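Trainee: So I've got this file, query.txt, and it contains compact mmCIF, C-alpha atoms:
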```
# COMPACT_ATOMS: atom_id res chain seq x y z
CA SER V 262 84.34 156.17 191.57
CA GLN V 263 85.30 159.85 191.85
CA ALA V 264 88.80 158.91 192.98
CA TYR V 265 89.24 156.59 189.99
CA ALA V 266 87.91 159.25 187.60
CA LYS V 267 90.37 161.77 189.02
CA ALA V 268 93.25 159.29 188.67
CA LEU V 269 92.31 158.72 185.02
CA THR V 270 92.38 162.45 184.22
CA ASN V 271 95.24 163.85 186.33
CA GLY V 272 96.63 161.06 188.50
CA ARG V 273 100.27 161.25 187.40
CA ARG V 274 102.72 162.55 189.97
CA ASP V 275 104.40 164.81 187.41
CA GLY V 276 101.09 166.49 186.64
CA GLN V 277 101.34 165.57 182.96
CA GLY V 278 97.98 163.80 182.69
CA GLY V 279 96.15 160.77 183.95
CA LEU V 280 96.98 157.17 184.71
CA SER V 281 96.11 154.34 182.35
CA PRO V 282 92.98 152.22 182.99
CA ARG V 283 95.27 149.25 183.66
CA THR V 284 97.11 151.16 186.42
CA VAL V 285 93.87 152.37 188.00
CA THR V 286 92.51 148.82 187.90
CA HIS V 287 95.65 147.67 189.71
CA MET V 288 95.04 150.40 192.32
CA HIS V 289 91.51 149.04 192.76
CA ARG V 290 92.79 145.50 193.30
CA VAL V 291 95.34 146.63 195.92
CA LEU V 292 92.75 148.75 197.72
CA ARG V 293 90.16 145.97 197.65
CA GLU V 294 92.64 143.45 199.08
CA ALA V 295 93.60 145.86 201.88
CA LEU V 296 89.93 146.41 202.76
CA GLN V 297 89.34 142.67 202.54
CA GLN V 298 91.97 142.17 205.22
CA ALA V 299 90.20 144.75 207.40
CA LEU V 300 87.04 142.72 206.86
CA ARG V 301 88.82 139.56 208.07
CA TRP V 302 89.91 141.44 211.19
CA GLN V 303 86.27 142.48 211.68
CA LEU V 304 87.17 146.15 211.43
CA LEU V 305 84.59 146.58 208.66
CA ALA V 306 81.13 145.12 208.15
CA ARG V 307 81.57 144.95 204.37
CA ASN V 308 84.12 145.76 201.68
CA PRO V 309 83.21 149.15 200.13
CA ALA V 310 85.44 148.42 197.11
CA ASP V 311 82.97 145.72 196.05
CA ALA V 312 80.45 148.45 195.25
CA VAL V 313 82.82 150.23 192.84
CA LYS V 314 83.70 149.07 189.34
CA PRO V 315 87.24 149.79 188.12
CA PRO V 316 87.71 151.19 184.60
CA LYS V 317 87.52 148.74 181.74
CA VAL V 318 90.92 147.72 180.42
CA GLU V 319 91.04 147.39 176.65
CA ARG V 320 93.11 144.36 175.76
CA LYS V 321 95.66 144.87 173.00
CA GLN V 322 94.97 142.92 169.84
CA MET V 323 96.88 139.65 169.79
CA HIS V 324 98.78 138.57 166.69
CA THR V 325 100.34 135.14 166.42
CA LEU V 326 102.56 133.22 164.02
CA ASN V 327 101.64 129.85 162.58
CA ALA V 328 104.24 127.07 162.29
CA ASP V 329 105.49 128.10 158.84
CA GLU V 330 105.77 131.76 159.83
CA THR V 331 107.61 130.77 163.01
CA VAL V 332 110.18 128.78 161.04
CA GLU V 333 110.55 131.65 158.56
CA MET V 334 111.24 134.11 161.38
CA ILE V 335 113.73 131.84 163.14
CA GLU V 336 115.71 131.30 159.96
CA ALA V 337 115.70 135.02 159.14
CA ALA V 338 117.03 135.80 162.63
CA ARG V 339 119.78 133.18 162.57
CA GLY V 340 123.19 134.84 162.82
CA THR V 341 121.77 138.05 164.30
CA SER V 342 121.72 139.30 167.89
CA LEU V 343 117.96 138.71 167.98
CA PHE V 344 118.18 134.98 167.31
CA VAL V 345 118.31 133.89 170.98
CA PRO V 346 115.62 136.36 172.19
CA ILE V 347 113.34 135.19 169.38
CA ILE V 348 113.69 131.46 170.05
CA LEU V 349 113.30 132.00 173.81
CA GLY V 350 110.07 133.88 173.12
CA VAL V 351 108.46 131.79 170.40
CA LEU V 352 109.63 128.33 171.57
CA CYS V 353 109.71 128.83 175.37
CA GLY V 354 107.21 131.64 175.98
CA LEU V 355 109.57 133.93 177.92
CA ARG V 356 108.60 137.57 178.41
CA ARG V 357 110.93 140.35 177.25
CA GLY V 358 112.05 141.18 180.79
CA GLU V 359 112.65 137.50 181.54
CA VAL V 360 114.85 137.15 178.46
CA ALA V 361 116.86 140.22 179.47
CA ALA V 362 117.31 138.93 183.06
CA LEU V 363 118.24 135.33 182.18
CA ARG V 364 121.74 134.36 183.35
CA TRP V 365 123.74 131.25 182.51
CA ARG V 366 123.49 130.03 186.09
CA SER V 367 119.76 129.55 185.46
CA VAL V 368 120.31 127.41 182.34
CA ASP V 369 120.98 123.68 182.71
CA LEU V 370 121.80 122.40 179.25
CA GLU V 371 122.51 118.90 180.51
CA ARG V 372 119.02 118.52 181.95
CA GLY V 373 117.48 120.60 179.16
CA GLN V 374 115.86 123.11 181.47
CA LEU V 375 116.04 126.74 182.46
CA ALA V 376 114.74 128.53 185.55
CA VAL V 377 112.88 131.81 185.15
CA SER V 378 113.39 133.54 188.48
CA ALA V 379 113.77 137.23 187.63
CA SER V 380 112.71 139.91 185.19
CA THR V 381 114.50 143.08 184.09
CA GLU V 382 112.52 146.31 184.40
CA GLN V 383 113.23 149.52 182.51
CA THR V 384 113.12 152.67 184.67
CA ASP V 385 114.07 156.31 184.16
CA GLY V 386 117.17 155.64 186.25
CA GLY V 387 118.26 152.64 184.19
CA ILE V 388 117.44 148.96 184.55
CA ARG V 389 116.85 146.81 187.61
CA GLU V 390 116.03 143.18 188.25
CA LYS V 391 112.81 142.29 190.04
CA GLU V 392 110.81 139.13 190.67
CA THR V 393 108.76 137.63 187.87
CA LYS V 394 105.26 138.92 187.13
CA SER V 395 103.66 136.05 189.04
CA GLY V 396 106.13 136.45 191.91
CA LYS V 397 107.24 132.83 191.52
CA SER V 398 110.16 131.10 189.85
CA ARG V 399 109.27 128.54 187.20
CA ALA V 400 111.10 125.76 185.37
CA VAL V 401 110.86 125.70 181.57
CA THR V 402 111.80 122.56 179.66
CA LEU V 403 113.89 123.34 176.60
CA PRO V 404 113.17 121.87 173.16
CA ALA V 405 116.11 119.85 171.79
CA MET V 406 116.72 122.46 169.09
CA ILE V 407 117.15 125.23 171.66
CA ILE V 408 119.58 123.17 173.73
CA GLU V 409 121.93 122.87 170.76
CA GLU V 410 121.49 126.51 169.77
CA LEU V 411 122.27 127.68 173.31
CA ARG V 412 125.40 125.52 173.43
CA ALA V 413 126.64 127.16 170.23
CA HIS V 414 125.59 130.62 171.48
CA ARG V 415 127.49 130.18 174.76
CA LEU V 416 130.62 129.16 172.87
CA ARG V 417 130.41 132.20 170.57
CA GLN V 418 129.78 134.49 173.55
CA ALA V 419 132.76 133.05 175.43
CA GLU V 420 135.04 133.60 172.41
CA GLN V 421 133.85 137.21 171.97
CA LEU V 422 134.40 138.04 175.63
CA LEU V 423 137.77 136.31 175.72
CA ALA V 424 138.90 138.58 172.88
CA LEU V 425 138.12 141.49 175.25
CA GLY V 426 139.97 139.83 178.11
CA VAL V 427 136.81 138.77 179.92
CA ARG V 428 136.12 135.21 181.02
CA LEU V 429 132.52 134.08 180.62
CA ASP V 430 130.99 132.74 183.84
CA ASP V 431 127.56 131.68 185.08
CA ASP V 432 126.77 135.18 186.30
CA HIS V 433 126.81 136.59 182.77
CA HIS V 434 123.52 137.19 181.00
CA VAL V 435 122.52 134.84 178.19
CA VAL V 436 121.43 137.79 176.06
CA ALA V 437 123.94 140.60 176.46
CA ARG V 438 125.93 143.31 174.71
CA GLU V 439 129.19 142.40 173.00
CA ASP V 440 131.10 143.50 176.11
CA GLY V 441 129.01 141.18 178.30
CA GLU V 442 126.96 143.94 179.92
CA PRO V 443 123.19 143.34 180.19
CA LEU V 444 120.83 144.64 177.53
CA GLN V 445 118.01 147.06 178.20
CA PRO V 446 114.60 145.47 177.51
CA ARG V 447 113.70 148.53 175.45
CA SER V 448 116.65 147.98 173.14
CA ILE V 449 115.51 144.40 172.43
CA SER V 450 112.07 145.69 171.42
CA GLN V 451 113.57 148.41 169.23
CA ALA V 452 115.81 145.93 167.46
CA PHE V 453 112.86 143.57 166.98
CA ARG V 454 110.72 146.28 165.39
CA LYS V 455 113.49 147.00 162.88
CA PHE V 456 113.91 143.28 162.22
CA ILE V 457 110.17 142.83 161.58
CA ALA V 458 110.14 145.79 159.20
CA ARG V 459 112.79 144.04 157.10
CA HIS V 460 112.11 140.33 157.51
CA GLY V 461 108.84 139.79 159.32
CA PRO V 462 106.15 137.59 157.78
CA LYS V 463 103.63 139.99 159.36
CA LYS V 464 103.66 143.02 161.65
CA ILE V 465 103.83 141.72 165.22
CA ARG V 466 105.16 142.83 168.60
CA LEU V 467 107.93 141.09 170.51
CA HIS V 468 105.36 139.98 173.10
CA ASP V 469 103.37 138.26 170.33
CA LEU V 470 106.11 135.62 170.17
CA ARG V 471 104.99 134.52 173.64
CA HIS V 472 101.37 134.54 172.47
CA SER V 473 102.40 132.42 169.49
CA HIS V 474 104.05 129.85 171.75
CA ALA V 475 100.92 129.63 173.91
CA THR V 476 98.71 129.22 170.85
CA HIS V 477 100.99 126.51 169.42
CA MET V 478 100.82 124.57 172.69
CA LEU V 479 97.05 124.75 173.10
CA SER V 480 96.41 123.99 169.41
CA ALA V 481 98.60 120.89 169.77
CA GLY V 482 96.38 119.66 172.59
CA VAL V 483 98.59 120.60 175.53
CA HIS V 484 96.47 120.87 178.68
CA PRO V 485 95.87 124.51 179.74
CA LYS V 486 97.31 123.73 183.20
CA ILE V 487 100.63 122.72 181.63
CA ALA V 488 100.56 125.83 179.42
CA GLN V 489 99.85 127.98 182.51
CA GLU V 490 102.86 126.57 184.37
CA ARG V 491 105.15 127.00 181.36
CA LEU V 492 104.02 130.58 180.72
CA GLY V 493 104.09 131.57 184.40
CA HIS V 494 100.50 132.77 184.65
CA SER V 495 99.15 133.20 188.18
CA SER V 496 96.30 130.75 187.50
CA VAL V 497 94.98 128.49 184.76
CA SER V 498 91.94 130.78 184.44
CA VAL V 499 94.25 133.55 183.19
CA THR V 500 95.58 131.23 180.48
CA ILE V 501 92.09 130.13 179.44
CA ASP V 502 90.85 133.73 179.37
CA LEU V 503 93.77 134.98 177.29
CA TYR V 504 93.66 132.16 174.76
CA SER V 505 89.97 131.35 174.66
CA HIS V 506 90.08 131.82 170.88
CA VAL V 507 92.04 128.55 170.64
CA LEU V 508 89.66 126.52 172.81
CA PRO V 509 86.72 126.08 170.38
CA GLY V 510 89.00 124.23 167.96
CA MET V 511 90.36 122.14 170.83
CA GLN V 512 86.81 121.33 171.93
CA ALA V 513 85.85 120.20 168.43
CA GLU V 514 88.94 118.00 168.28
CA ALA V 515 88.17 116.54 171.72
CA VAL V 516 84.58 115.75 170.68
CA SER V 517 85.87 114.14 167.49
CA ARG V 518 88.26 111.92 169.46
CA VAL V 519 85.59 110.90 171.98
CA ASP V 520 83.19 110.19 169.13
CA ALA V 521 85.78 108.00 167.39
CA THR V 522 86.49 106.12 170.64
CA ILE V 523 82.81 105.42 171.33
CA LYS V 524 82.17 104.46 167.71
CA ASP V 525 85.09 102.03 167.82
CA ALA V 526 83.70 100.50 171.03
CA LEU V 527 80.23 100.15 169.47
CA ASP V 528 81.69 98.54 166.34
CA ARG V 529 83.63 96.04 168.44
CA ARG V 530 80.51 95.27 170.48
CA ALA V 531 78.43 94.75 167.33
CA ALA V 532 81.12 92.49 165.85
CA LYS V 533 81.20 90.43 169.05
CA LYS V 534 77.41 90.02 169.03
CA GLU V 535 77.54 88.92 165.39
CA MET V 536 80.17 86.28 166.18
CA VAL V 537 78.07 84.94 169.08
CA ALA V 538 74.98 84.80 166.86
CA LYS V 539 76.80 82.74 164.22
CA ARG V 540 77.80 80.03 166.68
```
For the structure just supplied, provide its representation as structure tokens.
Mentor:
Amino acid sequence: SQAYAKALTNGRRDGQGGLSPRTVTHMHRVLREALQQALRWQLLARNPADAVKPPKVERKQMHTLNADETVEMIEAARGTSLFVPIILGVLCGLRRGEVAALRWRSVDLERGQLAVSASTEQTDGGIREKETKSGKSRAVTLPAMIIEELRAHRLRQAEQLLALGVRLDDDHHVVAREDGEPLQPRSISQAFRKFIARHGPKKIRLHDLRHSHATHMLSAGVHPKIAQERLGHSSVSVTIDLYSHVLPGMQAEAVSRVDATIKDALDRRAAKKEMVAKR
């Protein structure tokens, strides 16, 4: 507990203050797993990390777009450099870093699928690609609308690069600068904030597009396991925890459907009995 308290107040290496509760919680998880391994090797009788509670992480407020607001945003972004990042976020659930890292070699427009296998991370020294947050690659099925939009986007990108004497190939990023060089994730967020200030139906973050996609799926009755796989969460429990606000409505709808099914079966049974009685 004392070590965590110290990290929260002055844990930064540059001496400029403490670490965030989220970072300290991550430290706790890593430490606990290391001690758990020592427990498996019978080097410890118990895991001392189990007796310590990490700091509480305050979850940022989630804002989502409904269907009409989603359409309004997509149409406002059409023709801008944010159009592709927006549709990949709100219709496919990609994270900012995943959008920035996506290359054409990972997009199969014939099969209508893309592979999310990397994420771009912003560092003081520039940008670098790393594995996805879950550490696993995932396949994301593309809506028909996105397939056509990506075909048109690839053609425009190829024409722009050809004018600069550069031939577009599968190693190029889907979302890139005009010269074909990759974009910094931070620059996508900055551009999105300016876009929202001018055109947004409400004040939201870029990451809220992903939340919107998850909410749309669950509200439409998509099973949480499918949503988990599409979003790239480490487990279905993470998906359920994050979007528990959607589940009560889903539960009411499920009860209504079961009720209608049972009622229909009872009505058919009663009708059958009545027919037998009349004979």
Trainee: Pick out the residues sitting within 12 Å of Lys486 (chain V), and hand them over as a list in words; count all atoms listed in the file, and ignore anything fewer than 6 positions along from it in its own chain.
Mentor: Ala475, Met478, Leu479, Leu492, Gly493, His494, Ser495, Ser496, Val497, Ser498, Val499, Thr500 and Ile501 of chain V
Trainee: State, in Å with one decimal place, the distance from CA of Arg364 (chain V) to CA of Ala413 (chain V).
Mentor: 15.7 Å
Trainee: Using all atoms listed in the file, find each residue in region 323-349 of chain V having at least one atom no more than 10 Å away from region 440-462 of chain V; report its shortest atom-to-atom pair and that distance in Å (one decimal), rows by chain then rising number, as a Markdown table.
Mentor:
```
| residue | atom | partner | partner_atom | distance |
| --- | --- | --- | --- | --- |
| V:Leu326 | CA | V:Pro462 | CA | 8.4 |
| V:Asp329 | CA | V:Pro462 | CA | 9.6 |
| V:Glu330 | CA | V:Pro462 | CA | 6.2 |
| V:Thr331 | CA | V:Pro462 | CA | 8.7 |
| V:Glu333 | CA | V:Pro462 | CA | 7.4 |
| V:Met334 | CA | V:Gly461 | CA | 6.5 |
| V:Ala337 | CA | V:His460 | CA | 6.6 |
| V:Ala338 | CA | V:Phe456 | CA | 8.1 |
| V:Thr341 | CA | V:Phe456 | CA | 9.7 |
| V:Ser342 | CA | V:Ala452 | CA | 8.9 |
| V:Leu343 | CA | V:Phe453 | CA | 7.1 |
| V:Pro346 | CA | V:Ile449 | CA | 8.0 |
| V:Ile347 | CA | V:Phe453 | CA | 8.7 |
```
Trainee: Rank V:Gln322, V:Asn271, V:Ser380, V:Gln374 by their smallest atom-to-atom distance to Val285 (chain V), using all atoms listed in the file, and report the top residue only.
Mentor: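 Looking at the shortest contact to Val285 (chain V), the residue is V:Asn271.
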Trainee: Using all atoms listed in the file, which of V:Ala268, V:Ala362, V:Val377, V:Ala424 sits nearest Glu390 (chain V)?
Mentor: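 Looking at the shortest contact to Glu390 (chain V), the residue is V:Ala362.
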Trainee: Residues within 7 Å of region 355-359 of chain V, please, as a ChimeraX atom specification. Count only C-alpha atoms; anything in the same chain fewer than 2 positions from it doesn't count.
Mentor: /V:349-350,353,361-363,377,379-382,446,468,471
Trainee: Would you kindly place N, CA and C atoms on region 288-324 of chain V and return the model as a JSON list (two decimals), in the coordinates of the input?
Mentor:
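Result file is part_35.json:
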```json
[["chain", "number", "residue", "atom", "x", "y", "z"],
["V", 288, "MET", "N", 95.30, 149.67, 191.07],
["V", 288, "MET", "CA", 95.04, 150.40, 192.32],
["V", 288, "MET", "C", 93.80, 149.84, 193.01],
["V", 289, "HIS", "N", 92.77, 149.58, 192.22],
["V", 289, "HIS", "CA", 91.51, 149.04, 192.76],
["V", 289, "HIS", "C", 91.75, 147.68, 193.42],
["V", 290, "ARG", "N", 92.53, 146.83, 192.75],
["V", 290, "ARG", "CA", 92.79, 145.50, 193.30],
["V", 290, "ARG", "C", 93.54, 145.57, 194.63],
["V", 291, "VAL", "N", 94.56, 146.47, 194.68],
["V", 291, "VAL", "CA", 95.34, 146.63, 195.92],
["V", 291, "VAL", "C", 94.45, 147.16, 197.04],
["V", 292, "LEU", "N", 93.64, 148.16, 196.72],
["V", 292, "LEU", "CA", 92.75, 148.75, 197.72],
["V", 292, "LEU", "C", 91.72, 147.73, 198.20],
["V", 293, "ARG", "N", 91.16, 146.97, 197.27],
["V", 293, "ARG", "CA", 90.16, 145.97, 197.65],
["V", 293, "ARG", "C", 90.75, 144.91, 198.57],
["V", 294, "GLU", "N", 92.00, 144.47, 198.25],
["V", 294, "GLU", "CA", 92.64, 143.45, 199.08],
["V", 294, "GLU", "C", 92.93, 143.99, 200.47],
["V", 295, "ALA", "N", 93.34, 145.25, 200.56],
["V", 295, "ALA", "CA", 93.60, 145.86, 201.88],
["V", 295, "ALA", "C", 92.31, 145.93, 202.70],
["V", 296, "LEU", "N", 91.22, 146.33, 202.07],
["V", 296, "LEU", "CA", 89.93, 146.41, 202.76],
["V", 296, "LEU", "C", 89.41, 145.02, 203.11],
["V", 297, "GLN", "N", 89.75, 144.04, 202.27],
["V", 297, "GLN", "CA", 89.34, 142.67, 202.54],
["V", 297, "GLN", "C", 90.02, 142.15, 203.82],
["V", 298, "GLN", "N", 91.26, 142.56, 204.01],
["V", 298, "GLN", "CA", 91.97, 142.17, 205.22],
["V", 298, "GLN", "C", 91.32, 142.82, 206.46],
["V", 299, "ALA", "N", 90.91, 144.07, 206.30],
["V", 299, "ALA", "CA", 90.20, 144.75, 207.40],
["V", 299, "ALA", "C", 88.89, 144.02, 207.72],
["V", 300, "LEU", "N", 88.27, 143.48, 206.66],
["V", 300, "LEU", "CA", 87.04, 142.72, 206.86],
["V", 300, "LEU", "C", 87.32, 141.43, 207.64],
["V", 301, "ARG", "N", 88.44, 140.78, 207.35],
["V", 301, "ARG", "CA", 88.82, 139.56, 208.07],
["V", 301, "ARG", "C", 89.08, 139.86, 209.54],
["V", 302, "TRP", "N", 89.63, 141.04, 209.80],
["V", 302, "TRP", "CA", 89.91, 141.44, 211.19],
["V", 302, "TRP", "C", 88.67, 142.00, 211.89],
["V", 303, "GLN", "N", 87.55, 141.99, 211.17],
["V", 303, "GLN", "CA", 86.27, 142.48, 211.68],
["V", 303, "GLN", "C", 86.31, 143.96, 212.03],
["V", 304, "LEU", "N", 87.13, 144.70, 211.27],
["V", 304, "LEU", "CA", 87.17, 146.15, 211.43],
["V", 304, "LEU", "C", 86.12, 146.83, 210.55],
["V", 305, "LEU", "N", 85.63, 146.09, 209.56],
["V", 305, "LEU", "CA", 84.59, 146.58, 208.66],
["V", 305, "LEU", "C", 83.48, 145.55, 208.57],
["V", 306, "ALA", "N", 82.27, 146.03, 208.31],
["V", 306, "ALA", "CA", 81.13, 145.12, 208.15],
["V", 306, "ALA", "C", 81.04, 144.59, 206.72],
["V", 307, "ARG", "N", 81.55, 145.37, 205.78],
["V", 307, "ARG", "CA", 81.57, 144.95, 204.37],
["V", 307, "ARG", "C", 82.72, 145.64, 203.66],
["V", 308, "ASN", "N", 83.03, 145.17, 202.47],
["V", 308, "ASN", "CA", 84.12, 145.76, 201.68],
["V", 308, "ASN", "C", 83.55, 146.81, 200.73],
["V", 309, "PRO", "N", 83.79, 148.09, 200.99],
["V", 309, "PRO", "CA", 83.21, 149.15, 200.13],
["V", 309, "PRO", "C", 83.73, 149.10, 198.70],
["V", 310, "ALA", "N", 84.89, 148.48, 198.47],
["V", 310, "ALA", "CA", 85.44, 148.42, 197.11],
["V", 310, "ALA", "C", 84.61, 147.52, 196.21],
["V", 311, "ASP", "N", 83.81, 146.61, 196.84],
["V", 311, "ASP", "CA", 82.97, 145.72, 196.05],
["V", 311, "ASP", "C", 81.85, 146.47, 195.34],
["V", 312, "ALA", "N", 81.54, 147.66, 195.83],
["V", 312, "ALA", "CA", 80.45, 148.45, 195.25],
["V", 312, "ALA", "C", 80.94, 149.36, 194.12],
["V", 313, "VAL", "N", 82.25, 149.34, 193.86],
["V", 313, "VAL", "CA", 82.82, 150.23, 192.84],
["V", 313, "VAL", "C", 83.43, 149.39, 191.72],
["V", 314, "LYS", "N", 83.13, 149.77, 190.48],
["V", 314, "LYS", "CA", 83.70, 149.07, 189.34],
["V", 314, "LYS", "C", 84.94, 149.82, 188.84],
["V", 315, "PRO", "N", 86.06, 149.14, 188.67],
["V", 315, "PRO", "CA", 87.24, 149.79, 188.12],
["V", 315, "PRO", "C", 87.05, 150.07, 186.63],
["V", 316, "PRO", "N", 87.86, 150.92, 186.04],
["V", 316, "PRO", "CA", 87.71, 151.19, 184.60],
["V", 316, "PRO", "C", 87.99, 149.95, 183.77],
["V", 317, "LYS", "N", 87.34, 149.88, 182.63],
["V", 317, "LYS", "CA", 87.52, 148.74, 181.74],
["V", 317, "LYS", "C", 88.86, 148.84, 181.05],
["V", 318, "VAL", "N", 89.61, 147.75, 181.06],
["V", 318, "VAL", "CA", 90.92, 147.72, 180.42],
["V", 318, "VAL", "C", 90.76, 147.12, 179.03],
["V", 319, "GLU", "N", 91.10, 147.89, 178.02],
["V", 319, "GLU", "CA", 91.04, 147.39, 176.65],
["V", 319, "GLU", "C", 92.26, 146.51, 176.38],
["V", 320, "ARG", "N", 92.01, 145.28, 176.04],
["V", 320, "ARG", "CA", 93.11, 144.36, 175.76],
["V", 320, "ARG", "C", 93.69, 144.62, 174.37],
["V", 321, "LYS", "N", 95.02, 144.66, 174.28],
["V", 321, "LYS", "CA", 95.66, 144.87, 173.00],
["V", 321, "LYS", "C", 95.39, 143.68, 172.09],
["V", 322, "GLN", "N", 95.23, 143.98, 170.80],
["V", 322, "GLN", "CA", 94.97, 142.92, 169.84],
["V", 322, "GLN", "C", 96.15, 141.96, 169.78],
["V", 323, "MET", "N", 95.85, 140.69, 169.79],
["V", 323, "MET", "CA", 96.88, 139.65, 169.79],
["V", 323, "MET", "C", 97.13, 139.16, 168.38],
["V", 324, "HIS", "N", 98.40, 139.13, 167.99],
["V", 324, "HIS", "CA", 98.78, 138.57, 166.69],
["V", 324, "HIS", "C", 99.70, 137.39, 166.95]]
```
